[in-house]
Amino acid sequence: MKKCNICHKPDKTHYRVKSIIHKHWIFCCKECWNQISTQKNYSYGGTRKLK
Ligand SMILES: [Zn+2]
């Protein structure tokens, strides 16, 4: 499993996002995604799923 770039919790599914705070693409878990999606300049770049 890969780790969330923000909370470092391992998971199989991560969301590729960026925002005003995270100016470069990061992979985050669903919980962190919920927070980032409320930030300014939020954009979503896909989902990474591990098999
Ligand atoms: Zn997270």
# chains A, B, ... in the order shown; residues from 1 in each chain; ligands from 1
call {"tool": "residues_around", "arguments": {"residues": "Arg48 of chain A", "least_positions_apart": "4", "cutoff": "7 Å", "atoms": "only C-alpha atoms", "output": "PyMOL selection string"}}
result
chain A and resi 13-15
call {"tool": "residues_around", "arguments": {"residues": "segment 37-44 of chain A", "least_positions_apart": "5", "cutoff": "8 Å", "atoms": "only C-alpha atoms", "output": "count of residues only"}}
result
7
call {"tool": "select_by_dssp", "arguments": {"residues": "chain A", "states": "strand (DSSP E or B)", "output": "PyMOL selection string"}}
result
chain A and resi 2-3+10-11+13-18+26-28+43-49
call {"tool": "atom_distance", "arguments": {"atom1": "atom CA of Asn5 of chain A", "atom2": "atom CA of His22 of chain A"}}
result
10.4 Å
call {"tool": "residues_near_ligand", "arguments": {"ligand": "ligand 1", "cutoff": "9 Å", "atoms": "only C-alpha atoms and all ligand atoms", "output": "JSON, numbers by chain"}}
result
{"A": [3, 4, 5, 6, 7, 8, 9, 10, 11, 14, 27, 28, 29, 30, 31, 32, 33]}
